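Q: I am sharing protein.txt, which consists of compact mmCIF, C-alpha atoms:
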```txt
# COMPACT_ATOMS: atom_id res chain seq x y z
CA MET A 19 -18.24 -43.39 22.09
CA ARG A 20 -18.46 -41.05 25.05
CA THR A 21 -14.69 -40.96 25.22
CA VAL A 22 -14.42 -40.06 21.56
CA LEU A 23 -16.89 -37.23 22.07
CA LYS A 24 -14.93 -35.92 25.01
CA LEU A 25 -11.75 -36.15 23.04
CA GLY A 26 -13.40 -34.15 20.26
CA ALA A 27 -14.41 -31.51 22.75
CA GLY A 28 -10.92 -31.52 24.16
CA VAL A 29 -9.38 -30.95 20.74
CA GLY A 30 -11.81 -28.11 20.10
CA ILE A 31 -10.89 -26.44 23.31
CA MET A 32 -7.23 -26.91 22.59
CA LEU A 33 -7.66 -25.07 19.31
CA LEU A 34 -9.36 -22.26 21.13
CA LEU A 35 -6.48 -22.21 23.56
CA LEU A 36 -3.95 -21.91 20.76
CA ILE A 37 -5.84 -19.03 19.25
CA GLY A 38 -5.93 -17.39 22.64
CA ALA A 39 -2.22 -17.87 23.13
CA ARG A 40 -1.47 -16.21 19.81
CA GLY A 41 -3.54 -13.30 20.92
CA LEU A 42 -1.12 -12.66 23.71
CA TYR A 43 1.51 -11.69 21.20
CA PRO A 44 -0.46 -9.66 18.70
CA SER A 45 0.47 -10.40 15.17
CA ASP A 46 -1.10 -8.82 12.16
CA PRO A 47 -3.81 -9.77 11.43
CA LEU A 48 -5.03 -10.73 14.86
CA THR A 49 -6.63 -14.13 15.02
CA VAL A 50 -8.87 -13.44 17.97
CA VAL A 51 -12.07 -11.89 16.79
CA TYR A 52 -14.57 -10.42 19.14
CA ALA A 53 -17.27 -7.90 18.58
CA VAL A 54 -17.60 -4.71 20.53
CA SER A 55 -21.18 -3.64 20.91
CA ASN A 56 -20.52 0.06 21.24
CA GLY A 57 -17.91 2.11 19.47
CA GLY A 58 -15.33 2.29 22.20
CA ASN A 59 -12.44 1.64 19.89
CA ILE A 60 -13.11 3.58 16.75
CA SER A 61 -14.92 6.87 16.84
CA ILE A 62 -18.12 7.40 14.89
CA THR A 63 -19.09 11.05 14.90
CA PRO A 64 -22.42 12.38 13.68
CA ILE A 65 -22.04 15.57 11.66
CA PRO A 66 -25.10 17.85 11.88
CA PRO A 67 -27.61 18.50 10.52
CA TYR A 68 -28.47 15.23 8.79
CA SER A 69 -27.18 12.91 11.50
CA HIS A 70 -27.24 13.05 15.28
CA PRO A 71 -26.71 10.76 18.27
CA ASP A 72 -29.90 8.81 19.07
CA ASP A 73 -31.26 8.18 22.59
CA ASN A 74 -28.55 5.59 23.19
CA GLY A 75 -25.80 7.85 21.94
CA PHE A 76 -25.51 5.92 18.69
CA LEU A 77 -25.12 7.60 15.34
CA MET A 78 -28.38 8.02 13.48
CA VAL A 79 -28.90 9.47 10.03
CA ASP A 80 -32.21 11.29 10.29
CA ILE A 81 -34.01 13.29 7.64
CA SER A 82 -37.39 13.75 9.25
CA PRO A 83 -39.11 16.30 11.51
CA GLU A 84 -38.01 14.15 14.46
CA SER A 85 -34.42 15.21 14.03
CA PRO A 86 -33.27 17.74 16.65
CA PHE A 87 -31.82 19.74 13.77
CA TYR A 88 -35.11 19.97 11.87
CA PRO A 89 -35.40 23.72 11.28
CA GLY A 90 -39.18 23.77 10.84
CA GLU A 91 -39.23 23.54 7.06
CA GLY A 92 -38.17 20.80 4.70
CA LYS A 93 -39.67 17.72 6.35
CA GLY A 94 -37.93 15.12 4.25
CA LEU A 95 -37.22 13.89 0.78
CA SER A 96 -39.75 13.56 -2.00
CA VAL A 97 -40.58 10.59 -4.16
CA ASN A 98 -38.61 9.97 -7.33
CA SER A 99 -35.65 12.06 -6.27
CA THR A 100 -32.01 11.59 -5.42
CA TYR A 101 -30.24 13.51 -2.70
CA VAL A 102 -26.50 13.50 -2.13
CA PHE A 103 -25.21 14.67 1.24
CA GLU A 104 -21.48 15.05 1.77
CA GLY A 105 -20.02 14.58 5.23
CA VAL A 106 -22.96 12.98 7.06
CA PHE A 107 -20.75 11.34 9.68
CA GLY A 108 -17.07 10.85 10.43
CA ILE A 109 -15.00 7.78 11.31
CA GLY A 110 -11.84 8.32 13.32
CA ASN A 111 -8.89 6.19 14.37
CA ASN A 112 -7.05 6.93 17.59
CA GLN A 113 -4.05 4.63 17.63
CA SER A 114 -3.80 4.70 21.42
CA GLU A 115 -7.24 3.10 21.53
CA THR A 116 -7.21 0.85 18.49
CA GLY A 117 -3.58 -0.12 18.64
CA PHE A 118 -3.25 0.28 14.89
CA SER A 119 -1.76 3.10 12.86
CA ASP A 120 -4.20 2.12 10.12
CA ILE A 121 -7.61 0.57 10.39
CA CYS A 122 -9.83 -0.61 7.58
CA VAL A 123 -13.46 0.46 7.84
CA ARG A 124 -16.38 -0.90 5.89
CA ILE A 125 -19.75 0.83 5.75
CA SER A 126 -22.52 -1.19 4.18
CA SER A 127 -26.13 -0.37 3.62
CA ALA A 128 -28.90 -2.91 3.99
CA ASP A 129 -31.01 -1.16 1.40
CA PRO A 130 -30.16 -0.15 -2.17
CA SER A 131 -31.90 3.21 -1.71
CA VAL A 132 -29.06 4.28 0.58
CA GLY A 133 -25.49 4.38 -0.72
CA PHE A 134 -22.27 5.79 0.68
CA PHE A 135 -19.12 7.51 -0.54
CA VAL A 136 -15.99 8.93 1.04
CA GLY A 137 -15.09 12.63 0.99
CA ASN A 138 -16.48 14.81 -1.77
CA PHE A 139 -19.02 13.32 -4.14
CA ASN A 140 -17.50 12.65 -7.55
CA GLY A 141 -20.44 10.78 -9.03
CA THR A 142 -19.61 7.36 -7.64
CA TRP A 143 -21.13 5.67 -4.62
CA SER A 144 -21.73 2.15 -3.42
CA GLU A 145 -23.94 0.23 -1.05
CA SER A 146 -20.69 -0.91 0.57
CA VAL A 147 -17.57 1.26 0.84
CA GLU A 148 -14.20 0.35 2.33
CA PHE A 149 -11.52 2.82 3.29
CA THR A 150 -8.40 3.10 5.41
CA VAL A 151 -8.27 5.48 8.36
CA GLY A 152 -4.82 6.46 9.59
CA ASP A 153 -3.86 7.44 13.13
CA SER A 154 -5.65 10.62 14.32
CA GLU A 155 -7.39 10.82 10.97
CA ASN A 156 -11.11 11.42 10.62
CA VAL A 157 -12.71 10.36 7.36
CA GLU A 158 -16.01 11.93 6.39
CA VAL A 159 -18.62 9.66 4.86
CA GLY A 160 -21.42 10.98 2.68
CA ALA A 161 -24.73 9.42 1.79
CA ARG A 162 -26.62 9.22 -1.46
CA ILE A 163 -30.29 8.58 -0.96
CA SER A 164 -32.53 7.70 -3.86
CA THR A 165 -36.26 7.50 -3.29
CA GLY A 166 -36.95 6.08 -6.76
CA ASP A 167 -39.65 3.49 -6.23
CA LEU A 168 -40.67 4.39 -2.70
CA SER A 169 -43.98 6.01 -1.93
CA LEU A 170 -44.87 8.54 0.73
CA GLY A 171 -44.16 7.36 4.25
CA ASP A 172 -41.75 6.96 7.10
CA TYR A 173 -38.75 4.73 6.42
CA TRP A 174 -36.18 3.13 8.73
CA GLU A 175 -33.18 1.54 7.09
CA GLU A 176 -30.09 0.03 8.64
CA PHE A 177 -26.41 0.25 7.79
CA THR A 178 -23.45 -1.51 9.29
CA VAL A 179 -20.09 -0.15 10.37
CA GLU A 180 -17.27 -2.68 10.58
CA ALA A 181 -13.61 -2.11 11.28
CA TRP A 182 -10.46 -4.14 11.70
CA GLY A 183 -6.77 -3.52 12.19
CA GLY A 184 -4.49 -2.70 9.27
CA ALA A 185 -4.98 -0.86 6.00
CA CYS A 186 -7.61 -2.08 3.57
CA ARG A 187 -6.26 -4.44 0.96
CA MET B 135 -10.37 -37.33 31.76
CA LYS B 136 -13.02 -35.11 33.28
CA LYS B 137 -10.49 -33.39 35.47
CA ILE B 138 -8.13 -32.69 32.60
CA LEU B 139 -10.97 -31.31 30.55
CA GLY B 140 -11.90 -28.99 33.42
CA LEU B 141 -8.37 -27.73 33.65
CA VAL B 142 -8.16 -27.10 29.91
CA ILE B 143 -11.36 -25.08 29.99
CA LEU B 144 -10.05 -23.01 32.85
CA MET B 145 -6.81 -22.29 31.01
CA ALA B 146 -8.66 -21.34 27.88
CA GLY B 147 -10.87 -19.02 29.84
CA MET B 148 -7.96 -17.30 31.45
CA LEU B 149 -6.06 -16.83 28.24
CA ILE B 150 -9.01 -15.36 26.42
CA ALA B 151 -9.58 -12.97 29.27
CA VAL B 152 -6.01 -11.76 28.96
CA THR B 153 -6.39 -11.32 25.23
CA ALA B 154 -9.59 -9.38 25.57
CA SER B 155 -8.07 -6.92 28.00
CA SER B 156 -5.18 -6.03 25.72
CA ALA B 157 -5.47 -2.67 24.00
CA ASN B 158 -5.65 -3.90 20.44
CA PHE B 159 -9.05 -4.31 18.97
CA ALA B 160 -9.60 -6.97 16.40
CA TYR B 161 -12.94 -6.31 14.88
CA PHE B 162 -15.69 -3.81 15.23
CA HIS B 163 -19.26 -4.18 14.16
CA ALA B 164 -22.16 -1.82 14.70
CA ASP B 165 -25.56 -1.46 13.13
CA ARG B 166 -26.93 2.03 12.78
CA ASN B 167 -30.18 3.52 11.61
CA VAL B 168 -31.20 5.73 8.75
CA HIS B 169 -34.53 7.43 9.28
CA ILE B 170 -36.03 9.10 6.24
CA GLN B 171 -39.40 10.63 5.84
CA ILE B 172 -40.66 10.66 2.27
CA VAL B 173 -42.95 13.61 1.89
CA PRO B 174 -44.87 15.38 -0.90
CA ASP B 175 -42.94 17.71 -3.20
CA ASP B 176 -44.18 20.81 -1.39
CA ASN B 177 -42.74 19.65 1.95
CA GLU B 178 -39.30 18.42 1.05
CA LEU B 179 -35.87 19.91 1.56
CA ILE B 180 -36.06 21.50 -1.86
CA ASP B 181 -39.78 22.19 -2.26
CA LEU B 182 -41.68 22.21 -5.49
CA GLU B 183 -44.94 23.93 -4.80
CA PRO B 184 -47.84 24.66 -7.12
CA LEU B 185 -48.56 28.37 -7.36
CA GLN B 186 -51.66 28.23 -9.51
CA PRO B 187 -54.37 25.76 -10.58
CA TYR B 188 -52.42 24.49 -13.59
CA ALA B 189 -50.05 22.88 -11.15
CA TYR B 190 -50.94 20.52 -8.33
CA ILE B 191 -49.49 17.80 -6.15
CA ASN B 192 -50.76 14.34 -7.09
CA SER B 193 -51.62 11.51 -4.71
CA ASN B 194 -48.07 10.22 -4.88
CA GLY B 195 -46.78 13.58 -3.72
CA MET B 196 -45.38 14.69 -7.07
CA LEU B 197 -45.81 18.06 -8.68
CA VAL B 198 -47.85 17.83 -11.88
CA ILE B 199 -48.42 20.59 -14.40
CA ASP B 200 -51.57 19.80 -16.27
CA LEU B 201 -53.36 22.00 -18.78
CA SER B 202 -56.14 19.61 -19.65
CA ASP B 203 -59.46 18.43 -18.30
CA ALA B 204 -57.55 15.70 -16.46
CA ASN B 205 -56.38 18.32 -13.98
CA ALA B 206 -58.08 17.90 -10.61
CA ASN B 207 -58.67 21.65 -10.53
CA TRP B 208 -60.45 21.61 -13.88
CA GLU B 209 -64.18 22.25 -13.92
CA THR B 210 -66.74 22.11 -16.70
CA GLY B 211 -66.57 25.28 -18.69
CA PHE B 212 -62.89 25.83 -18.14
CA GLY B 213 -60.55 25.84 -21.10
CA GLU B 214 -59.44 22.36 -21.99
CA GLY B 215 -55.96 23.17 -23.13
CA VAL B 216 -53.91 25.39 -25.36
CA SER B 217 -54.72 25.86 -29.03
CA PRO B 218 -52.51 24.92 -31.98
CA ASN B 219 -49.96 27.43 -33.26
CA SER B 220 -50.07 29.60 -30.21
CA THR B 221 -47.77 30.68 -27.45
CA TYR B 222 -49.01 30.80 -23.90
CA VAL B 223 -47.09 32.44 -21.12
CA PHE B 224 -47.87 31.42 -17.57
CA GLU B 225 -46.16 33.30 -14.79
CA GLU B 226 -45.59 31.62 -11.44
CA VAL B 227 -46.62 28.11 -12.36
CA PHE B 228 -44.68 26.61 -9.50
CA GLY B 229 -42.22 27.67 -6.85
CA VAL B 230 -38.91 26.08 -5.99
CA SER B 231 -37.68 26.76 -2.49
CA ASN B 232 -34.56 25.97 -0.57
CA HIS B 233 -35.28 24.43 2.82
CA LEU B 234 -32.04 22.53 3.17
CA TRP B 235 -31.20 22.31 6.86
CA GLU B 236 -27.63 23.49 6.50
CA GLY B 237 -28.67 26.88 5.13
CA THR B 238 -26.61 26.87 1.95
CA PRO B 239 -27.57 28.57 -1.33
CA ILE B 240 -28.19 26.19 -4.20
CA CYS B 241 -27.94 26.43 -7.96
CA MET B 242 -31.07 24.89 -9.45
CA ASN B 243 -31.19 23.66 -13.03
CA VAL B 244 -34.64 23.11 -14.53
CA THR B 245 -34.99 21.22 -17.81
CA TYR B 246 -37.85 19.77 -19.80
CA SER B 247 -37.81 16.65 -21.90
CA GLY B 248 -40.76 15.56 -23.97
CA SER B 249 -43.03 16.71 -26.74
CA GLY B 250 -43.87 20.32 -27.54
CA GLY B 251 -41.89 23.43 -26.84
CA ILE B 252 -41.58 24.40 -23.19
CA LEU B 253 -39.41 27.25 -21.94
CA PHE B 254 -38.86 28.32 -18.35
CA PHE B 255 -38.30 31.72 -16.84
CA GLU B 256 -37.91 33.12 -13.38
CA GLY B 257 -40.17 35.81 -11.89
CA ASP B 258 -42.37 38.13 -13.94
CA TYR B 259 -42.70 37.94 -17.69
CA ILE B 260 -41.58 41.14 -19.38
CA PRO B 261 -42.63 41.15 -23.05
CA GLY B 262 -39.68 41.61 -25.35
CA THR B 263 -37.20 41.01 -22.56
CA THR B 264 -38.04 37.63 -21.07
CA THR B 265 -37.00 34.96 -23.51
CA GLY B 266 -37.30 31.79 -21.51
CA ALA B 267 -34.78 28.98 -21.46
CA THR B 268 -34.95 25.29 -22.18
CA ASN B 269 -32.27 24.90 -19.56
CA LEU B 270 -32.90 27.34 -16.71
CA TYR B 271 -30.31 27.96 -14.01
CA VAL B 272 -31.35 29.91 -10.96
CA THR B 273 -29.73 30.54 -7.59
CA ILE B 274 -31.98 29.96 -4.57
CA GLN B 275 -30.91 31.41 -1.23
CA PRO B 276 -31.76 29.53 1.99
CA GLY B 277 -35.43 30.02 2.87
CA ASP B 278 -36.23 31.69 -0.44
CA VAL B 279 -38.82 30.66 -2.98
CA VAL B 280 -38.12 31.19 -6.66
CA ARG B 281 -41.19 31.51 -8.88
CA ILE B 282 -40.87 29.67 -12.16
CA GLY B 283 -43.05 30.54 -15.15
CA MET B 284 -43.50 28.61 -18.35
CA ILE B 285 -43.82 29.52 -22.00
CA ILE B 286 -45.74 26.88 -23.88
CA ASN B 287 -45.36 26.90 -27.63
CA SER B 288 -47.76 24.77 -29.65
CA THR B 289 -46.49 25.77 -33.09
CA ASP B 290 -46.91 22.98 -35.64
CA MET B 291 -49.04 20.95 -33.27
CA ASN B 292 -52.53 19.86 -34.23
CA ALA B 293 -55.65 20.13 -32.13
CA GLY B 294 -56.11 17.06 -30.00
CA THR B 295 -52.39 16.49 -29.62
CA ILE B 296 -51.22 15.85 -26.10
CA MET B 297 -47.97 17.44 -25.02
CA ASN B 298 -46.38 15.16 -22.54
CA GLY B 299 -43.00 15.26 -20.88
CA ASN B 300 -40.97 15.43 -17.70
CA ILE B 301 -39.42 18.33 -15.86
CA ALA B 302 -36.11 17.50 -14.23
CA PHE B 303 -34.72 19.47 -11.28
CA TYR B 304 -31.02 19.27 -10.59
CA ALA B 305 -29.51 21.30 -7.78
CA THR B 306 -25.98 21.68 -6.55
CA ALA B 307 -24.70 23.38 -3.41
CA GLY B 308 -23.57 26.98 -3.83
CA ALA B 309 -24.79 29.83 -6.00
CA CYS B 310 -24.77 29.45 -9.77
CA GLN B 311 -21.41 30.45 -11.18
CA GLY B 312 -21.00 32.94 -14.01
CA PRO B 313 -23.18 33.27 -17.11
CA GLN B 314 -25.16 30.14 -17.80
```
What does this structure look like when you write it as structure tokens?
A:
Amino acid sequence: MRTVLKLGAGVGIMLLLLIGARGLYPSDPLTVVYAVSNGGNISITPIPPYSHPDDNGFLMVDISPESPFYPGEGKGLSVNSTYVFEGVFGIGNNQSETGFSDICVRISSADPSVGFFVGNFNGTWSESVEFTVGDSENVEVGARISTGDLSLGDYWEEFTVEAWGGACR
Amino acid sequence: MKKILGLVILMAGMLIAVTASSANFAYFHADRNVHIQIVPDDNELIDLEPLQPYAYINSNGMLVIDLSDANANWETGFGEGVSPNSTYVFEEVFGVSNHLWEGTPICMNVTYSGSGGILFFEGDYIPGTTTGATNLYVTIQPGDVVRIGMIINSTDMNAGTIMNGNIAFYATAGACQGPQ
């Protein structure tokens, strides 16, 4: 039984090895998947005034008096309203860093009150948007925030940026 | 068997290290924050502020225009509403300001939906000149406050009737274009 277990482990590791070997000769799509904790490969740029880099240098969308761009008036959004902000942050692809002439980026919101759209607002938005970013291109992402059922207060929501090599399908 | 296994692990480790150091990235994942403060109407980016007792901000932070004894500012002895078949003009019921952080003018569209006849106008009421609009468009420059008045028409309404409706505010970036 112990031998069988070891054999199983050996086969597992062999698979890993094969995946690793394929990674040496990058094919599209790459089979090796690893996460990068900070955006070293794709560029995420806050566009003032509704987003800024937080204390860790990470993009943060901030519509509160705590934003460094808060001008002293207009502390936030009101209840039962919808705000649409074009160009809140930008996503860029530098081929020399990503290794891809096109990357596919997905922005997804964890909360239905926050939606996203690409470029100018044409009336459509989604909790999850996918778009292709070409080499040296910078795509501006806008946010649509609806405070419909929320009451007065301070809210923190999260959204996720994902990217992978090649144009979106 | 143990030795072979050790060797395999070592090889796998080496190969993965080589892969990871190549320039191509495979996948990127990052979680980022949205921080939003939800504030009363008179504190938001586009403020709605009461300019007289007929208008107030309710406990949920919303502007309410209330000409009845349900108004928090109402006291015994005050008028309890408008009378049938009359037209009331109230100047400066509420103000709409532009406190957007990017300092852009906005075109604000104010509309009413509900019972009774409500018209809106901007600034002072000039008899014979100010007509009021069901669909008011007004440009608000950054930092400015535009004073909105209301004309309430109770023609054909009976005493005791409640006029009830919603005022919608719709703003777009940039000054209003052309005649509206």
Q: For a cutoff of 12 Å around the file-coordinate point (-38.1, 10.4, -5.2), which residues qualify once you count all atoms listed in the file? I'd like the result as a ChimeraX atom specification.
A: /A:94-101,131,163-171 /B:170-175,178-180,194-197,302-303
Q: Which residues are close to Asn300 in chain B, i.e. within 9 Å by all atoms listed in the file, leaving aside same-chain residues fewer than 4 positions away? Reply as a ChimeraX atom specification.
A: /B:245-248
Q: From the set B:Ser202, B:Asn298, B:Ser231, B:Thr264, which residue has the shortest atom-to-atom contact distance to Asp176 in chain B, counting only C-alpha atoms?
A: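 That would be B:Ser231, the residue with the smallest distance to Asp176 in chain B.
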Q: Quick check, in Å to one decimal: how far apart do CA of Asn111 in chain A and CA of Gly152 in chain A lie?
A: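 Going from CA of Asn111 in chain A over to CA of Gly152 in chain A covers 6.3 Å.
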Q: So how far away is CA of Arg124 in chain A from CA of Ala181 in chain A, in Å?
A: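 Going from CA of Ala181 in chain A over to CA of Arg124 in chain A, I get 6.2 Å.
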Q: Under the rule that all atoms listed in the file are counted, which of A:Val132, A:Ala161, A:Cys186, A:Ile125 is the nearest residue to Ser69 in chain A?
A: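 Closest residue, counting all atoms listed in the file: A:Ala161.
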Q: Quick one: of B:Ala305, B:Val216, B:Ile252, B:Ala164, who's nearest to chain A, counting all atoms listed in the file?
A: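 Of all the options, B:Ala164 lies closest to chain A.
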Q: Pick from B:Met284, B:Ala160, B:Ile274, B:Ile191: nearest to chain A, with all atoms listed in the file counted?
A: B:Ala160
Q: Please determine, counting only C-alpha atoms, which residue among A:Gly141, A:Gly117, A:Gly75, A:Gly108 has the shortest atom-to-atom distance to chain B.
A: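 Smallest separation from chain B among the options: A:Gly117.
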Q: Taking into account all atoms listed in the file, which residue in the set A:Ile109, A:Val157, A:Val102, A:Cys122 is nearest to Asn140 in chain A?
A: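 Under the stated criterion, the closest residue is A:Val102.
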Q: What separation in Å, quoted to one decimal, exists between CA of Gly299 in chain B and CA of Cys241 in chain B?
A: 22.8 Å
Q: For Gly137 in chain A, please output as a ChimeraX atom specification all residues within 7 Å (counting all atoms listed in the file; exclusion window: fewer than 2 positions along the same chain).
A: /A:104-105,135,139,158-160
Q: Using only C-alpha atoms, which residues sit within 6 Å of Ile121 in chain A once same-chain residues fewer than 3 positions away are excluded, as JSON, numbers by chain?
A: {"A": [150, 151, 182, 183, 184, 185]}
